[in-house]
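Visitor: Supplied in C-alpha cells, the structure appears directly below.
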Amino acid sequence: MDNRQAIGSWLSGPRAAAEDAGADFGYRGEQLGLPESGPGSIARPGRRLGALAVDWGLCTLIAYGLITDGYGQATGNWALLIFFVMGVLTVGTLGFTPGKRLFGLRVLALETGTVNPLRALVRTVLLCLALPALIWDRDGRGLHDRLARTVEVRI
C-alpha cells in the first residue's frame, strides 16, 4: 500500500481500508444465517429511515389533529407517546408498523421468527431513547435490535 492509499483510506472508512488489506467481513446478515439479498435479508438503512419517518409523521399528524390545538412541545410529546404505543402494539402483534409495511420491512425474533409483545416493548423503549438505534453492529442491526434479540428484514 503506498502512502496515498494509506492517507486517503479515511475517505472510505475503516471497513473499506480493512477489506483493501485483505480482511473478509462477509455480507450483512451472514452471521445470522440470513440471505445476502432479496426477501429475508437485512433491511438497509435507507428503508429503515424512510419507515421511521413515515411512522413519526403519522404519529405527529395524529397528535396534531386529534389531541393538541397547534404545533408545539405538547404535540411532540404526544407524538412520542403515540409512536411508543403504536410500536409496541403493531410490532408485538403483526411484526411491523405502518411505515415498515409501506417500505416492505418486518421485525423478526432471531430464535422464533415472531416478535412477542415483551420483545416489542424492549425494542420500542430503546428506539424511543434514540441513542441505541444509532449504534450499529457489522450486520447493520441497531443496539435496540441486539438487546431485544430481533432483526429487521425485507419482506
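Please note that chains go A, B, ... in the order of the C-alpha cells, that every chain numbers its residues from 1, and that ligands are numbered from 1 in the order shown.
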Neighbouring residues of Arg28 (chain A) were defined as those with any atom within 10 Å, considering only C-alpha atoms; residues of the same chain fewer than 5 positions away were excluded. Please report them as number ranges by chain.

Guide: A: 33-37, 41-44, 137-141

Visitor: Write to file, as a compact mmCIF listing (two decimals), in the first residue's frame, the residues of the selection just made, with N, CA, C and O atoms.

Guide:
```txt
# COMPACT_ATOMS: atom_id res chain seq x y z
N GLY A 33 -27.32 -16.04 9.54
CA GLY A 33 -27.90 -17.05 8.67
C GLY A 33 -28.94 -16.51 7.72
O GLY A 33 -29.80 -17.25 7.24
N LEU A 34 -28.89 -15.21 7.43
CA LEU A 34 -29.87 -14.58 6.53
C LEU A 34 -29.29 -14.48 5.13
O LEU A 34 -28.07 -14.43 4.95
N PRO A 35 -30.14 -14.43 4.11
CA PRO A 35 -29.62 -14.30 2.75
C PRO A 35 -28.99 -12.93 2.51
O PRO A 35 -29.24 -11.97 3.25
N GLU A 36 -28.17 -12.86 1.46
CA GLU A 36 -27.47 -11.61 1.15
C GLU A 36 -28.41 -10.55 0.59
O GLU A 36 -28.27 -9.37 0.88
N SER A 37 -29.38 -10.98 -0.22
CA SER A 37 -30.31 -10.02 -0.83
C SER A 37 -31.67 -10.68 -0.99
O SER A 37 -31.81 -11.89 -0.82
N SER A 41 -33.53 -10.77 3.78
CA SER A 41 -32.21 -10.18 4.00
C SER A 41 -32.33 -8.98 4.95
O SER A 41 -33.42 -8.44 5.15
N ILE A 42 -31.21 -8.58 5.51
CA ILE A 42 -31.18 -7.44 6.44
C ILE A 42 -31.68 -6.18 5.73
O ILE A 42 -31.31 -5.90 4.59
N ALA A 43 -32.53 -5.43 6.40
CA ALA A 43 -33.05 -4.18 5.85
C ALA A 43 -31.94 -3.14 5.79
O ALA A 43 -31.15 -3.00 6.72
N ARG A 44 -31.89 -2.43 4.72
CA ARG A 44 -30.88 -1.39 4.52
C ARG A 44 -31.27 -0.13 5.29
O ARG A 44 -32.45 0.13 5.54
N ASP A 137 -24.13 -2.65 14.66
CA ASP A 137 -23.08 -3.65 14.57
C ASP A 137 -22.73 -3.88 13.11
O ASP A 137 -23.27 -3.23 12.22
N ARG A 138 -21.85 -4.83 12.82
CA ARG A 138 -21.41 -5.03 11.44
C ARG A 138 -22.49 -5.64 10.55
O ARG A 138 -22.38 -5.61 9.34
N ASP A 139 -23.54 -6.19 11.17
CA ASP A 139 -24.66 -6.71 10.39
C ASP A 139 -25.69 -5.63 10.08
O ASP A 139 -26.68 -5.91 9.40
N GLY A 140 -25.50 -4.42 10.59
CA GLY A 140 -26.44 -3.34 10.34
C GLY A 140 -27.59 -3.30 11.33
O GLY A 140 -28.55 -2.57 11.11
N ARG A 141 -27.51 -4.08 12.40
CA ARG A 141 -28.56 -4.07 13.42
C ARG A 141 -28.22 -3.01 14.46
O ARG A 141 -27.08 -2.89 14.91
```

Visitor: Which residues, written as a PyMOL selection string, have at least one atom at most 12 Å from Arg154 (chain A), with only C-alpha atoms counted and residues fewer than 2 positions away on the same chain left out?

Guide: chain A and resi 29+34-45+47-48+51+95-96+100-108+151-152

Visitor: Okay, now the selection with C-alpha atoms, as a short mmCIF file (atom, residue, chain, number, x, y, z; two decimals), in the first residue's frame?

Guide:
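Below you can see selection24.cif, which holds the result:
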```
data_model
loop_
_atom_site.label_atom_id
_atom_site.label_comp_id
_atom_site.auth_asym_id
_atom_site.auth_seq_id
_atom_site.Cartn_x
_atom_site.Cartn_y
_atom_site.Cartn_z
CA GLY A 29 -26.63 -10.85 7.99
CA LEU A 34 -29.87 -14.58 6.53
CA PRO A 35 -29.62 -14.30 2.75
CA GLU A 36 -27.47 -11.61 1.15
CA SER A 37 -30.31 -10.02 -0.83
CA GLY A 38 -33.99 -10.37 -1.50
CA PRO A 39 -36.73 -11.37 0.94
CA GLY A 40 -35.40 -12.21 4.39
CA SER A 41 -32.21 -10.18 4.00
CA ILE A 42 -31.18 -7.44 6.44
CA ALA A 43 -33.05 -4.18 5.85
CA ARG A 44 -30.88 -1.39 4.52
CA PRO A 45 -30.55 1.90 6.44
CA ARG A 47 -35.53 1.84 4.04
CA ARG A 48 -35.36 1.81 7.82
CA ALA A 51 -40.14 3.76 7.55
CA GLY A 95 -44.28 -7.64 13.24
CA PHE A 96 -44.34 -4.26 11.51
CA LYS A 100 -42.32 -0.63 7.89
CA ARG A 101 -45.12 -2.27 5.91
CA LEU A 102 -45.08 0.57 3.37
CA PHE A 103 -41.32 0.09 2.87
CA GLY A 104 -41.54 -3.72 2.84
CA LEU A 105 -39.88 -4.40 6.19
CA ARG A 106 -40.64 -6.74 9.07
CA VAL A 107 -39.20 -7.27 12.55
CA LEU A 108 -38.38 -10.87 13.47
CA VAL A 151 -33.67 -8.27 13.36
CA GLU A 152 -35.36 -6.07 10.76
#
```

Visitor: Hey, which of A:Tyr71, A:Trp136, A:Trp56, A:Tyr64 ends up closest to Pro98 (chain A)? Count only C-alpha atoms.

Guide: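 Using only C-alpha atoms, Pro98 (chain A) sits closest to A:Trp56.
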
Visitor: Quick one: pick out all strand (DSSP E) residues within chain A from a backbone DSSP run and write them as a PyMOL selection string.

Guide: chain A and resi 105-109+150-154

Visitor: May I have all residues of region 41-109 of chain A that DSSP, computed from the backbone, assigns to alpha helix (DSSP H), given as an NGL selection string?

Guide: :A and (45-62 or 73-93 or 98-102)

Visitor: Once you have the residues from the selection above, write them out as a short mmCIF file (atom, residue, chain, number, x, y, z; two decimals), in the first residue's frame, restricted to C-alpha atoms.

Guide:
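File part-v4.cif, as written:
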```cif
data_model
loop_
_atom_site.label_atom_id
_atom_site.label_comp_id
_atom_site.auth_asym_id
_atom_site.auth_seq_id
_atom_site.Cartn_x
_atom_site.Cartn_y
_atom_site.Cartn_z
CA PRO A 45 -30.55 1.90 6.44
CA GLY A 46 -32.40 3.96 3.81
CA ARG A 47 -35.53 1.84 4.04
CA ARG A 48 -35.36 1.81 7.82
CA LEU A 49 -35.06 5.60 8.00
CA GLY A 50 -37.88 6.01 5.48
CA ALA A 51 -40.14 3.76 7.55
CA LEU A 52 -39.22 5.67 10.70
CA ALA A 53 -40.02 9.00 9.00
CA VAL A 54 -43.44 7.71 7.85
CA ASP A 55 -44.25 6.38 11.33
CA TRP A 56 -43.12 9.58 13.03
CA GLY A 57 -45.06 11.74 10.57
CA LEU A 58 -48.18 9.65 11.13
CA CYS A 59 -47.85 9.97 14.91
CA THR A 60 -47.26 13.71 14.68
CA LEU A 61 -50.30 14.08 12.43
CA ILE A 62 -52.46 12.15 14.91
CA GLN A 73 -43.85 20.98 22.62
CA ALA A 74 -47.00 19.15 23.69
CA THR A 75 -47.52 17.87 20.14
CA GLY A 76 -44.03 16.37 20.10
CA ASN A 77 -44.56 14.72 23.48
CA TRP A 78 -47.89 13.26 22.43
CA ALA A 79 -46.37 12.10 19.13
CA LEU A 80 -43.66 10.23 21.06
CA LEU A 81 -46.27 8.57 23.26
CA ILE A 82 -48.34 7.58 20.21
CA PHE A 83 -45.17 6.30 18.50
CA PHE A 84 -44.39 4.18 21.56
CA VAL A 85 -47.88 2.69 21.79
CA MET A 86 -48.05 2.09 18.04
CA GLY A 87 -44.63 0.40 18.05
CA VAL A 88 -45.43 -1.92 20.94
CA LEU A 89 -48.86 -2.89 19.62
CA THR A 90 -48.09 -3.29 15.93
CA VAL A 91 -44.60 -4.82 16.15
CA GLY A 92 -45.70 -7.05 19.03
CA THR A 93 -48.66 -8.43 17.11
CA PRO A 98 -47.43 1.11 9.04
CA GLY A 99 -44.17 2.68 7.85
CA LYS A 100 -42.32 -0.63 7.89
CA ARG A 101 -45.12 -2.27 5.91
CA LEU A 102 -45.08 0.57 3.37
#
```

Visitor: Of the candidates A:Leu121, A:Ala16, A:Leu147, A:Glu111, which one gets nearest to Ala133 (chain A) if we count only C-alpha atoms?

Guide: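 Smallest separation from Ala133 (chain A) among the options: A:Leu147.
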
Visitor: I'd like the interatomic distance between CA of Arg119 (chain A) and CA of Ala148 (chain A), to a tenth of an Å.

Guide: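 Answer for the CA of Arg119 (chain A) to CA of Ala148 (chain A) separation: 5.4 Å.
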
Visitor: Using only C-alpha atoms, which protein or nucleic acid residues come within 6 Å of Thr150 (chain A)? Drop anything in the same chain fewer than 4 positions from it, and give the result as a PyMOL selection string.

Guide: chain A and resi 108-110+145

Visitor: Write to file, as a CSV table (one decimal), in the first residue's frame, the residues of the selection just made, with N, CA, C and O atoms.

Guide:
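What landed in result-v6.csv:
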```csv
chain,number,residue,atom,x,y,z
A,108,LEU,N,-38.3,-9.5,13.1
A,108,LEU,CA,-38.4,-10.9,13.5
A,108,LEU,C,-37.5,-11.1,14.7
A,108,LEU,O,-36.5,-10.5,14.8
A,109,ALA,N,-37.9,-12.1,15.5
A,109,ALA,CA,-37.1,-12.5,16.6
A,109,ALA,C,-36.1,-13.6,16.0
A,109,ALA,O,-36.5,-14.3,15.1
A,110,LEU,N,-34.9,-13.6,16.5
A,110,LEU,CA,-33.9,-14.5,15.9
A,110,LEU,C,-34.2,-15.9,16.1
A,110,LEU,O,-34.0,-16.8,15.3
A,145,ASP,N,-32.1,-3.5,18.5
A,145,ASP,CA,-32.4,-4.8,18.0
A,145,ASP,C,-31.5,-5.9,18.6
A,145,ASP,O,-32.0,-7.0,18.9
```

Visitor: Near Leu131 (chain A), within 10 Å and counting only C-alpha atoms, which residues show up once chain neighbours fewer than 3 positions away are dropped, as a PyMOL selection string?

Guide: chain A and resi 126-128+134-135+142-144

Visitor: Let me see the file: selected residues, all heavy atoms, as an mmCIF file, in the first residue's frame.

Guide:
```cif
data_model
loop_
_atom_site.group_PDB
_atom_site.id
_atom_site.type_symbol
_atom_site.label_atom_id
_atom_site.label_comp_id
_atom_site.auth_asym_id
_atom_site.auth_seq_id
_atom_site.Cartn_x
_atom_site.Cartn_y
_atom_site.Cartn_z
ATOM 1 N N LEU A 126 -36.176 1.210 23.760
ATOM 2 C CA LEU A 126 -34.827 1.591 23.344
ATOM 3 C C LEU A 126 -34.843 2.461 22.090
ATOM 4 O O LEU A 126 -34.034 3.368 21.944
ATOM 5 C CB LEU A 126 -33.986 0.338 23.122
ATOM 6 C CG LEU A 126 -33.685 -0.459 24.386
ATOM 7 C CD1 LEU A 126 -33.052 -1.794 24.038
ATOM 8 C CD2 LEU A 126 -32.803 0.330 25.325
ATOM 9 N N LEU A 127 -35.775 2.195 21.181
ATOM 10 C CA LEU A 127 -35.899 3.012 19.981
ATOM 11 C C LEU A 127 -36.324 4.439 20.337
ATOM 12 O O LEU A 127 -35.837 5.407 19.753
ATOM 13 C CB LEU A 127 -36.899 2.391 19.009
ATOM 14 C CG LEU A 127 -37.094 3.075 17.667
ATOM 15 C CD1 LEU A 127 -35.790 3.106 16.893
ATOM 16 C CD2 LEU A 127 -38.158 2.358 16.865
ATOM 17 N N CYS A 128 -37.225 4.580 21.310
ATOM 18 C CA CYS A 128 -37.666 5.919 21.729
ATOM 19 C C CYS A 128 -36.550 6.699 22.415
ATOM 20 O O CYS A 128 -36.571 7.926 22.419
ATOM 21 C CB CYS A 128 -38.883 5.809 22.643
ATOM 22 S SG CYS A 128 -40.390 5.367 21.764
ATOM 23 N N LEU A 134 -28.860 4.396 17.076
ATOM 24 C CA LEU A 134 -27.775 4.998 16.306
ATOM 25 C C LEU A 134 -26.477 4.208 16.390
ATOM 26 O O LEU A 134 -25.525 4.511 15.686
ATOM 27 C CB LEU A 134 -27.542 6.435 16.779
ATOM 28 C CG LEU A 134 -28.730 7.381 16.587
ATOM 29 C CD1 LEU A 134 -28.436 8.734 17.207
ATOM 30 C CD2 LEU A 134 -29.068 7.524 15.118
ATOM 31 N N ILE A 135 -26.414 3.208 17.245
ATOM 32 C CA ILE A 135 -25.221 2.373 17.396
ATOM 33 C C ILE A 135 -25.493 1.052 16.682
ATOM 34 O O ILE A 135 -26.366 0.295 17.086
ATOM 35 C CB ILE A 135 -24.900 2.139 18.888
ATOM 36 C CG1 ILE A 135 -24.683 3.475 19.583
ATOM 37 C CG2 ILE A 135 -23.693 1.233 19.040
ATOM 38 C CD1 ILE A 135 -24.587 3.376 21.082
ATOM 39 N N GLY A 142 -29.234 -2.264 14.860
ATOM 40 C CA GLY A 142 -29.048 -1.285 15.911
ATOM 41 C C GLY A 142 -28.942 -1.968 17.274
ATOM 42 O O GLY A 142 -29.326 -3.131 17.442
ATOM 43 N N LEU A 143 -28.437 -1.237 18.246
ATOM 44 C CA LEU A 143 -28.303 -1.779 19.591
ATOM 45 C C LEU A 143 -29.663 -2.165 20.167
ATOM 46 O O LEU A 143 -29.781 -3.129 20.912
ATOM 47 C CB LEU A 143 -27.606 -0.753 20.495
ATOM 48 C CG LEU A 143 -27.257 -1.191 21.904
ATOM 49 C CD1 LEU A 143 -26.355 -2.413 21.883
ATOM 50 C CD2 LEU A 143 -26.591 -0.064 22.662
ATOM 51 N N HIS A 144 -30.720 -1.440 19.779
ATOM 52 C CA HIS A 144 -32.062 -1.782 20.247
ATOM 53 C C HIS A 144 -32.486 -3.156 19.721
ATOM 54 O O HIS A 144 -33.134 -3.918 20.432
ATOM 55 C CB HIS A 144 -33.072 -0.692 19.855
ATOM 56 C CG HIS A 144 -33.264 -0.525 18.386
ATOM 57 N ND1 HIS A 144 -32.257 -0.117 17.536
ATOM 58 C CD2 HIS A 144 -34.332 -0.722 17.603
ATOM 59 C CE1 HIS A 144 -32.708 -0.066 16.310
ATOM 60 N NE2 HIS A 144 -33.976 -0.442 16.311
#
```
